[in-house]
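Quick look at model_21.cif (mmCIF, C-alpha atoms):
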data_target
loop_
_atom_site.group_PDB
_atom_site.id
_atom_site.type_symbol
_atom_site.label_atom_id
_atom_site.label_comp_id
_atom_site.auth_asym_id
_atom_site.auth_seq_id
_atom_site.Cartn_x
_atom_site.Cartn_y
_atom_site.Cartn_z
ATOM 1 C CA MET A 1225 -161.591 -85.649 -142.139
ATOM 2 C CA VAL A 1226 -159.133 -83.396 -140.337
ATOM 3 C CA GLU A 1227 -160.141 -79.796 -139.974
ATOM 4 C CA ASP A 1228 -157.648 -77.025 -140.251
ATOM 5 C CA ARG A 1229 -157.512 -75.696 -136.718
ATOM 6 C CA PRO A 1230 -154.921 -73.223 -135.564
ATOM 7 C CA ILE A 1231 -152.130 -74.704 -133.496
ATOM 8 C CA TYR A 1232 -150.985 -72.710 -130.488
ATOM 9 C CA THR A 1233 -147.908 -72.945 -128.357
ATOM 10 C CA VAL A 1234 -148.474 -72.691 -124.614
ATOM 11 C CA ASP A 1235 -147.176 -69.106 -124.569
ATOM 12 C CA GLU A 1236 -149.463 -68.135 -127.465
ATOM 13 C CA ALA A 1237 -152.450 -69.703 -125.731
ATOM 14 C CA LEU A 1238 -151.660 -67.869 -122.479
ATOM 15 C CA ALA A 1239 -151.228 -64.591 -124.358
ATOM 16 C CA SER A 1240 -154.579 -65.029 -126.123
ATOM 17 C CA VAL A 1241 -156.403 -65.887 -122.887
ATOM 18 C CA GLY A 1242 -154.677 -63.161 -120.871
ATOM 19 C CA PHE A 1243 -154.264 -62.765 -117.127
ATOM 20 C CA GLY A 1244 -157.517 -63.939 -115.617
ATOM 21 C CA LYS A 1245 -159.198 -65.527 -112.631
ATOM 22 C CA PHE A 1246 -157.001 -68.634 -112.654
ATOM 23 C CA GLN A 1247 -153.786 -66.607 -112.581
ATOM 24 C CA PHE A 1248 -155.143 -64.519 -109.716
ATOM 25 C CA LEU A 1249 -155.930 -67.724 -107.804
ATOM 26 C CA VAL A 1250 -152.407 -69.040 -108.377
ATOM 27 C CA LEU A 1251 -151.018 -65.673 -107.267
ATOM 28 C CA ALA A 1252 -153.241 -65.676 -104.167
ATOM 29 C CA TYR A 1253 -152.075 -69.161 -103.249
ATOM 30 C CA SER A 1254 -148.378 -68.669 -103.936
ATOM 31 C CA ARG A 1255 -148.092 -65.205 -102.386
ATOM 32 C CA PHE A 1256 -148.729 -66.617 -98.909
ATOM 33 C CA GLY A 1257 -145.962 -69.130 -99.431
ATOM 34 C CA TRP A 1258 -143.562 -66.428 -100.598
ATOM 35 C CA ALA A 1259 -144.409 -64.124 -97.690
ATOM 36 C CA SER A 1260 -143.995 -67.075 -95.308
ATOM 37 C CA GLU A 1261 -140.583 -67.820 -96.806
ATOM 38 C CA ALA A 1262 -139.581 -64.224 -96.132
ATOM 39 C CA MET A 1263 -140.872 -64.423 -92.573
ATOM 40 C CA GLU A 1264 -138.924 -67.613 -91.926
ATOM 41 C CA MET A 1265 -135.733 -65.994 -93.229
ATOM 42 C CA MET A 1266 -136.354 -62.874 -91.155
ATOM 43 C CA LEU A 1267 -136.917 -65.080 -88.122
ATOM 44 C CA LEU A 1268 -133.229 -66.026 -88.201
ATOM 45 C CA SER A 1269 -132.265 -62.606 -86.887
ATOM 46 C CA PHE A 1270 -134.542 -63.050 -83.873
ATOM 47 C CA VAL A 1271 -134.032 -66.730 -83.055
ATOM 48 C CA GLY A 1272 -130.252 -66.645 -82.592
ATOM 49 C CA PRO A 1273 -130.062 -63.964 -79.899
ATOM 50 C CA ALA A 1274 -133.127 -65.311 -78.080
ATOM 51 C CA VAL A 1275 -131.786 -68.862 -77.959
ATOM 52 C CA GLN A 1276 -128.300 -67.650 -77.086
ATOM 53 C CA SER A 1277 -129.538 -65.873 -73.974
ATOM 54 C CA GLN A 1278 -132.001 -68.629 -73.023
ATOM 55 C CA TRP A 1279 -129.551 -71.528 -73.342
ATOM 56 C CA ASN A 1280 -126.318 -69.592 -72.594
ATOM 57 C CA LEU A 1281 -124.778 -70.365 -75.985
ATOM 58 C CA CYS A 1282 -121.487 -68.964 -77.210
ATOM 59 C CA SER A 1283 -121.474 -66.873 -80.391
ATOM 60 C CA THR A 1284 -120.222 -69.820 -82.462
ATOM 61 C CA GLN A 1285 -123.164 -71.941 -81.356
ATOM 62 C CA GLU A 1286 -125.562 -69.092 -82.106
ATOM 63 C CA SER A 1287 -124.094 -68.697 -85.586
ATOM 64 C CA LEU A 1288 -124.474 -72.410 -86.253
ATOM 65 C CA ILE A 1289 -128.266 -72.041 -85.998
ATOM 66 C CA THR A 1290 -128.272 -69.742 -89.027
ATOM 67 C CA SER A 1291 -125.618 -71.829 -90.798
ATOM 68 C CA ALA A 1292 -127.794 -74.926 -90.389
ATOM 69 C CA VAL A 1293 -130.669 -73.171 -92.175
ATOM 70 C CA PHE A 1294 -128.469 -72.076 -95.065
ATOM 71 C CA SER A 1295 -126.887 -75.530 -95.322
ATOM 72 C CA GLY A 1296 -130.358 -77.027 -95.517
ATOM 73 C CA MET A 1297 -131.264 -74.505 -98.214
ATOM 74 C CA LEU A 1298 -128.240 -75.593 -100.254
ATOM 75 C CA ILE A 1299 -129.482 -79.178 -100.251
ATOM 76 C CA GLY A 1300 -133.142 -78.225 -100.632
ATOM 77 C CA ALA A 1301 -132.622 -75.884 -103.584
ATOM 78 C CA TYR A 1302 -131.299 -78.717 -105.702
ATOM 79 C CA SER A 1303 -133.582 -81.426 -104.325
ATOM 80 C CA TRP A 1304 -136.871 -79.558 -104.651
ATOM 81 C CA GLY A 1305 -136.067 -78.535 -108.203
ATOM 82 C CA VAL A 1306 -135.668 -82.201 -109.136
ATOM 83 C CA VAL A 1307 -138.813 -83.209 -107.208
ATOM 84 C CA SER A 1308 -140.834 -80.393 -108.799
ATOM 85 C CA ASP A 1309 -139.647 -81.256 -112.283
ATOM 86 C CA LYS A 1310 -140.553 -84.898 -111.779
ATOM 87 C CA TYR A 1311 -143.862 -84.606 -109.874
ATOM 88 C CA GLY A 1312 -145.025 -81.077 -110.700
ATOM 89 C CA ARG A 1313 -144.484 -77.676 -109.159
ATOM 90 C CA ARG A 1314 -147.743 -77.665 -107.222
ATOM 91 C CA LYS A 1315 -146.846 -80.916 -105.463
ATOM 92 C CA GLY A 1316 -143.295 -79.668 -104.961
ATOM 93 C CA PHE A 1317 -144.596 -76.490 -103.364
ATOM 94 C CA PHE A 1318 -146.989 -78.420 -101.134
ATOM 95 C CA ILE A 1319 -144.214 -80.711 -99.910
ATOM 96 C CA THR A 1320 -141.791 -77.823 -99.267
ATOM 97 C CA ALA A 1321 -144.482 -75.907 -97.397
ATOM 98 C CA THR A 1322 -145.251 -78.979 -95.288
ATOM 99 C CA VAL A 1323 -141.584 -79.629 -94.469
ATOM 100 C CA THR A 1324 -140.936 -75.972 -93.628
ATOM 101 C CA SER A 1325 -144.064 -75.619 -91.493
ATOM 102 C CA ALA A 1326 -143.664 -78.872 -89.591
ATOM 103 C CA ALA A 1327 -139.953 -78.379 -88.905
ATOM 104 C CA GLY A 1328 -140.554 -74.724 -87.970
ATOM 105 C CA VAL A 1329 -143.236 -75.582 -85.427
ATOM 106 C CA LEU A 1330 -141.206 -78.472 -84.014
ATOM 107 C CA SER A 1331 -138.122 -76.259 -83.696
ATOM 108 C CA ALA A 1332 -140.125 -73.942 -81.449
ATOM 109 C CA PHE A 1333 -140.413 -76.870 -79.029
ATOM 110 C CA ALA A 1334 -136.869 -78.178 -79.447
ATOM 111 C CA PRO A 1335 -135.734 -79.514 -76.067
ATOM 112 C CA ASN A 1336 -132.014 -79.024 -76.700
ATOM 113 C CA TYR A 1337 -129.461 -77.417 -78.955
ATOM 114 C CA ALA A 1338 -128.770 -80.490 -81.139
ATOM 115 C CA SER A 1339 -132.427 -81.018 -81.977
ATOM 116 C CA LEU A 1340 -132.814 -77.302 -82.711
ATOM 117 C CA ILE A 1341 -129.910 -77.435 -85.184
ATOM 118 C CA PHE A 1342 -131.388 -80.516 -86.884
ATOM 119 C CA LEU A 1343 -134.878 -79.009 -87.122
ATOM 120 C CA ARG A 1344 -133.598 -75.657 -88.384
ATOM 121 C CA ALA A 1345 -131.627 -77.550 -91.089
ATOM 122 C CA LEU A 1346 -134.918 -79.203 -92.108
ATOM 123 C CA VAL A 1347 -136.521 -75.761 -92.222
ATOM 124 C CA GLY A 1348 -133.699 -74.709 -94.523
ATOM 125 C CA MET A 1349 -134.319 -77.706 -96.772
ATOM 126 C CA GLY A 1350 -137.944 -76.626 -97.078
ATOM 127 C CA LEU A 1351 -136.963 -73.017 -97.721
ATOM 128 C CA GLY A 1352 -134.646 -74.186 -100.486
ATOM 129 C CA GLY A 1353 -137.752 -75.019 -102.502
ATOM 130 C CA GLY A 1354 -138.979 -71.410 -102.391
ATOM 131 C CA PRO A 1355 -138.083 -70.635 -106.015
ATOM 132 C CA VAL A 1356 -140.588 -73.342 -107.008
ATOM 133 C CA LEU A 1357 -143.310 -70.847 -106.071
ATOM 134 C CA LEU A 1358 -142.110 -68.226 -108.498
ATOM 135 C CA SER A 1359 -141.648 -70.653 -111.358
ATOM 136 C CA TRP A 1360 -145.057 -72.231 -110.666
ATOM 137 C CA PHE A 1361 -146.765 -68.839 -110.754
ATOM 138 C CA VAL A 1362 -144.842 -67.467 -113.748
ATOM 139 C CA GLU A 1363 -145.497 -70.486 -115.953
ATOM 140 C CA PHE A 1364 -149.197 -69.500 -116.005
ATOM 141 C CA VAL A 1365 -148.589 -65.819 -116.781
ATOM 142 C CA PRO A 1366 -148.750 -64.622 -120.407
ATOM 143 C CA ALA A 1367 -145.208 -63.980 -121.689
ATOM 144 C CA PRO A 1368 -145.701 -60.259 -122.440
ATOM 145 C CA LYS A 1369 -146.674 -59.620 -118.790
ATOM 146 C CA ARG A 1370 -144.239 -61.951 -116.988
ATOM 147 C CA VAL A 1371 -141.743 -59.324 -115.895
ATOM 148 C CA THR A 1372 -144.466 -57.108 -114.434
ATOM 149 C CA TRP A 1373 -146.039 -59.975 -112.520
ATOM 150 C CA MET A 1374 -142.644 -61.203 -111.293
ATOM 151 C CA VAL A 1375 -142.068 -57.789 -109.711
ATOM 152 C CA ILE A 1376 -145.544 -57.848 -108.159
ATOM 153 C CA PHE A 1377 -144.892 -61.366 -106.863
ATOM 154 C CA GLN A 1378 -141.579 -60.285 -105.306
ATOM 155 C CA ALA A 1379 -143.406 -57.567 -103.371
ATOM 156 C CA PHE A 1380 -144.897 -60.284 -101.178
ATOM 157 C CA TRP A 1381 -141.380 -61.020 -99.870
ATOM 158 C CA THR A 1382 -141.246 -57.441 -98.619
ATOM 159 C CA ILE A 1383 -144.721 -57.725 -97.124
ATOM 160 C CA GLY A 1384 -143.643 -60.884 -95.285
ATOM 161 C CA THR A 1385 -140.544 -59.237 -93.810
ATOM 162 C CA ILE A 1386 -142.477 -56.164 -92.692
ATOM 163 C CA PHE A 1387 -145.147 -58.339 -91.094
ATOM 164 C CA GLU A 1388 -142.502 -60.420 -89.294
ATOM 165 C CA ALA A 1389 -140.701 -57.325 -88.001
ATOM 166 C CA SER A 1390 -144.020 -55.895 -86.802
ATOM 167 C CA LEU A 1391 -144.813 -59.087 -84.919
ATOM 168 C CA ALA A 1392 -141.338 -59.166 -83.368
ATOM 169 C CA TRP A 1393 -141.629 -55.528 -82.322
ATOM 170 C CA LYS A 1394 -145.047 -56.115 -80.752
ATOM 171 C CA PHE A 1395 -143.994 -59.239 -78.868
ATOM 172 C CA ASP A 1396 -140.660 -57.761 -77.839
ATOM 173 C CA LYS A 1397 -142.536 -54.875 -76.252
ATOM 174 C CA GLN A 1398 -144.782 -57.308 -74.366
ATOM 175 C CA VAL A 1399 -141.845 -59.446 -73.223
ATOM 176 C CA ARG A 1400 -139.992 -56.382 -71.936
ATOM 177 C CA LEU A 1401 -143.104 -55.290 -70.057
ATOM 178 C CA MET A 1402 -143.418 -58.747 -68.480
ATOM 179 C CA ASP A 1403 -139.718 -58.679 -67.544
ATOM 180 C CA GLU A 1404 -140.203 -55.291 -65.848
ATOM 181 C CA ILE A 1405 -143.185 -56.627 -63.900
ATOM 182 C CA ASP A 1406 -141.195 -59.709 -62.838
ATOM 183 C CA GLU A 1407 -138.328 -57.479 -61.741
ATOM 184 C CA LYS A 1408 -140.634 -55.299 -59.641
ATOM 185 C CA VAL A 1409 -142.247 -58.351 -58.056
ATOM 186 C CA ASP A 1410 -138.801 -59.769 -57.233
ATOM 187 C CA ARG A 1411 -137.722 -56.463 -55.648
ATOM 188 C CA ALA A 1412 -140.946 -56.225 -53.678
ATOM 189 C CA THR A 1413 -140.470 -59.792 -52.442
ATOM 190 C CA ILE A 1414 -136.896 -59.067 -51.357
ATOM 191 C CA ASP A 1415 -138.006 -55.904 -49.523
ATOM 192 C CA LEU A 1416 -140.502 -57.904 -47.476
#

Show me the file's structure as structure tokens.
Amino acid sequence: MVEDRPIYTVDEALASVGFGKFQFLVLAYSRFGWASEAMEMMLLSFVGPAVQSQWNLCSTQESLITSAVFSGMLIGAYSWGVVSDKYGRRKGFFITATVTSAAGVLSAFAPNYASLIFLRALVGMGLGGGPVLLSWFVEFVPAPKRVTWMVIFQAFWTIGTIFEASLAWKFDKQVRLMDEIDEKVDRATIDL
């Protein structure tokens, strides 16, 4: 005997359950990824000039560092969408986060310009999967509240950029102080 039970669509079920603990957990998890994406993008404005002065690069070579990231994003945006559709958004996010993190850390230790360009392109491929985070989060949000929660989610991009700029400001201050100390030591050594 088949009972008459109400049939719900996914959106109706989410609307009846509301925004609860699970959605907050998904938001907590994905917000760090979104803020990290923002930080990695913001990092582009600091990496180019630092590498240019360290390795005596011309402006074209410096610009290629940023271009490599955006080229990687072009490939990654398409690729991670396909991967996420096939294997799930959570797995897609995990893979993009792993690629971005690993390539980002390795690029900090890049021994030469060519390897830096390659690693930054891999970072870009990982960053191309960033929209997976938003779609993964939003698919668990009740339809009537999606727009509100999308705006809240986007705020973590801003938080990431502010945090990155704060870190850069703090470390820039320390680096300048160390440079001044080195300069004074060099002058004192010459005077002897």

For the structure shown, which residues end up in the PyMOL selection byres ((chain A and resi 1283-1290) around 10)? Put them as a PDB file with C-alpha atoms, in the frame of the given file, please?
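Listed below is the output, out_20.pdb:
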ATOM      1  CA  MET A1265    -135.733 -65.994 -93.229  1.00  0.00           C
ATOM      2  CA  LEU A1267    -136.917 -65.080 -88.122  1.00  0.00           C
ATOM      3  CA  LEU A1268    -133.229 -66.026 -88.201  1.00  0.00           C
ATOM      4  CA  SER A1269    -132.265 -62.606 -86.887  1.00  0.00           C
ATOM      5  CA  VAL A1271    -134.032 -66.730 -83.055  1.00  0.00           C
ATOM      6  CA  GLY A1272    -130.252 -66.645 -82.592  1.00  0.00           C
ATOM      7  CA  PRO A1273    -130.062 -63.964 -79.899  1.00  0.00           C
ATOM      8  CA  ALA A1274    -133.127 -65.311 -78.080  1.00  0.00           C
ATOM      9  CA  VAL A1275    -131.786 -68.862 -77.959  1.00  0.00           C
ATOM     10  CA  GLN A1276    -128.300 -67.650 -77.086  1.00  0.00           C
ATOM     11  CA  SER A1277    -129.538 -65.873 -73.974  1.00  0.00           C
ATOM     12  CA  TRP A1279    -129.551 -71.528 -73.342  1.00  0.00           C
ATOM     13  CA  ASN A1280    -126.318 -69.592 -72.594  1.00  0.00           C
ATOM     14  CA  LEU A1281    -124.778 -70.365 -75.985  1.00  0.00           C
ATOM     15  CA  CYS A1282    -121.487 -68.964 -77.210  1.00  0.00           C
ATOM     16  CA  SER A1291    -125.618 -71.829 -90.798  1.00  0.00           C
ATOM     17  CA  ALA A1292    -127.794 -74.926 -90.389  1.00  0.00           C
ATOM     18  CA  VAL A1293    -130.669 -73.171 -92.175  1.00  0.00           C
ATOM     19  CA  PHE A1294    -128.469 -72.076 -95.065  1.00  0.00           C
ATOM     20  CA  SER A1295    -126.887 -75.530 -95.322  1.00  0.00           C
ATOM     21  CA  GLY A1296    -130.358 -77.027 -95.517  1.00  0.00           C
ATOM     22  CA  TYR A1337    -129.461 -77.417 -78.955  1.00  0.00           C
ATOM     23  CA  ALA A1338    -128.770 -80.490 -81.139  1.00  0.00           C
ATOM     24  CA  LEU A1340    -132.814 -77.302 -82.711  1.00  0.00           C
ATOM     25  CA  ILE A1341    -129.910 -77.435 -85.184  1.00  0.00           C
ATOM     26  CA  PHE A1342    -131.388 -80.516 -86.884  1.00  0.00           C
ATOM     27  CA  LEU A1343    -134.878 -79.009 -87.122  1.00  0.00           C
ATOM     28  CA  ARG A1344    -133.598 -75.657 -88.384  1.00  0.00           C
ATOM     29  CA  ALA A1345    -131.627 -77.550 -91.089  1.00  0.00           C
ATOM     30  CA  GLY A1348    -133.699 -74.709 -94.523  1.00  0.00           C
TER      31      GLY A1348
END

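The interatomic distance for the pair CA of Val1409 (chain A) and CA of Trp1393 (chain A) works out to 24.4 Å.
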
**Item:** Ground truth for the PyMOL selection byres ((chain A and resi 1247-1256) around 8), written as JSON, numbers by chain
**Value:** {"A": [1243, 1244, 1245, 1246, 1257, 1258, 1259, 1260, 1357, 1358, 1361, 1364, 1365, 1377, 1380]}

**Request:** Grab the CA of Pro1335 (chain A) to CA of Ala1321 (chain A) distance for me, in Å with one decimal place.
**Result:**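 Answer for the CA of Pro1335 (chain A) to CA of Ala1321 (chain A) separation: 23.3 Å.
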
**Request:** Fewer than 2 positions away in the same chain doesn't count, so skip those; otherwise give me all residues within 12 Å of Ser1325 (chain A), counting all atoms listed in the file, as number ranges by chain.
**Result:** A: 1257, 1260-1261, 1263-1264, 1317-1323, 1327-1332, 1343-1344, 1346-1351

Taking the partial coordinates given, rebuild region 1320-1342 of chain A to contain N, CA and C atoms; return it as a short mmCIF file (atom, residue, chain, number, x, y, z; two decimals), in the coordinates of the input.
data_model
loop_
_atom_site.label_atom_id
_atom_site.label_comp_id
_atom_site.auth_asym_id
_atom_site.auth_seq_id
_atom_site.Cartn_x
_atom_site.Cartn_y
_atom_site.Cartn_z
N THR A 1320 -142.72 -78.76 -99.92
CA THR A 1320 -141.79 -77.82 -99.27
C THR A 1320 -142.49 -77.04 -98.17
N ALA A 1321 -143.73 -76.64 -98.41
CA ALA A 1321 -144.48 -75.91 -97.40
C ALA A 1321 -144.73 -76.78 -96.17
N THR A 1322 -145.02 -78.06 -96.40
CA THR A 1322 -145.25 -78.98 -95.29
C THR A 1322 -143.97 -79.19 -94.47
N VAL A 1323 -142.87 -79.42 -95.16
CA VAL A 1323 -141.58 -79.63 -94.47
C VAL A 1323 -141.21 -78.38 -93.67
N THR A 1324 -141.31 -77.22 -94.30
CA THR A 1324 -140.94 -75.97 -93.63
C THR A 1324 -141.82 -75.71 -92.42
N SER A 1325 -143.13 -75.88 -92.59
CA SER A 1325 -144.06 -75.62 -91.49
C SER A 1325 -143.86 -76.58 -90.33
N ALA A 1326 -143.81 -77.87 -90.65
CA ALA A 1326 -143.66 -78.87 -89.59
C ALA A 1326 -142.35 -78.70 -88.83
N ALA A 1327 -141.25 -78.54 -89.57
CA ALA A 1327 -139.95 -78.38 -88.90
C ALA A 1327 -139.89 -77.06 -88.14
N GLY A 1328 -140.53 -76.01 -88.67
CA GLY A 1328 -140.55 -74.72 -87.97
C GLY A 1328 -141.30 -74.80 -86.65
N VAL A 1329 -142.45 -75.45 -86.66
CA VAL A 1329 -143.24 -75.58 -85.43
C VAL A 1329 -142.49 -76.47 -84.43
N LEU A 1330 -141.95 -77.58 -84.91
CA LEU A 1330 -141.21 -78.47 -84.01
C LEU A 1330 -139.97 -77.80 -83.44
N SER A 1331 -139.32 -76.93 -84.22
CA SER A 1331 -138.12 -76.26 -83.70
C SER A 1331 -138.47 -75.29 -82.57
N ALA A 1332 -139.70 -74.81 -82.56
CA ALA A 1332 -140.12 -73.94 -81.45
C ALA A 1332 -140.18 -74.72 -80.13
N PHE A 1333 -140.33 -76.03 -80.23
CA PHE A 1333 -140.41 -76.87 -79.03
C PHE A 1333 -139.17 -77.74 -78.85
N ALA A 1334 -138.10 -77.39 -79.54
CA ALA A 1334 -136.87 -78.18 -79.45
C ALA A 1334 -136.37 -78.21 -78.00
N PRO A 1335 -136.14 -79.40 -77.47
CA PRO A 1335 -135.73 -79.51 -76.07
C PRO A 1335 -134.26 -79.21 -75.82
N ASN A 1336 -133.44 -79.27 -76.89
CA ASN A 1336 -132.01 -79.02 -76.70
C ASN A 1336 -131.41 -78.45 -77.97
N TYR A 1337 -130.17 -78.09 -77.87
CA TYR A 1337 -129.46 -77.42 -78.96
C TYR A 1337 -129.33 -78.31 -80.19
N ALA A 1338 -128.98 -79.58 -80.00
CA ALA A 1338 -128.77 -80.49 -81.14
C ALA A 1338 -130.05 -80.68 -81.94
N SER A 1339 -131.16 -80.85 -81.25
CA SER A 1339 -132.43 -81.02 -81.98
C SER A 1339 -132.84 -79.72 -82.67
N LEU A 1340 -132.52 -78.58 -82.07
CA LEU A 1340 -132.81 -77.30 -82.71
C LEU A 1340 -132.03 -77.16 -84.01
N ILE A 1341 -130.75 -77.51 -83.98
CA ILE A 1341 -129.91 -77.44 -85.18
C ILE A 1341 -130.48 -78.35 -86.27
N PHE A 1342 -130.83 -79.57 -85.92
CA PHE A 1342 -131.39 -80.52 -86.88
C PHE A 1342 -132.69 -79.99 -87.48
#
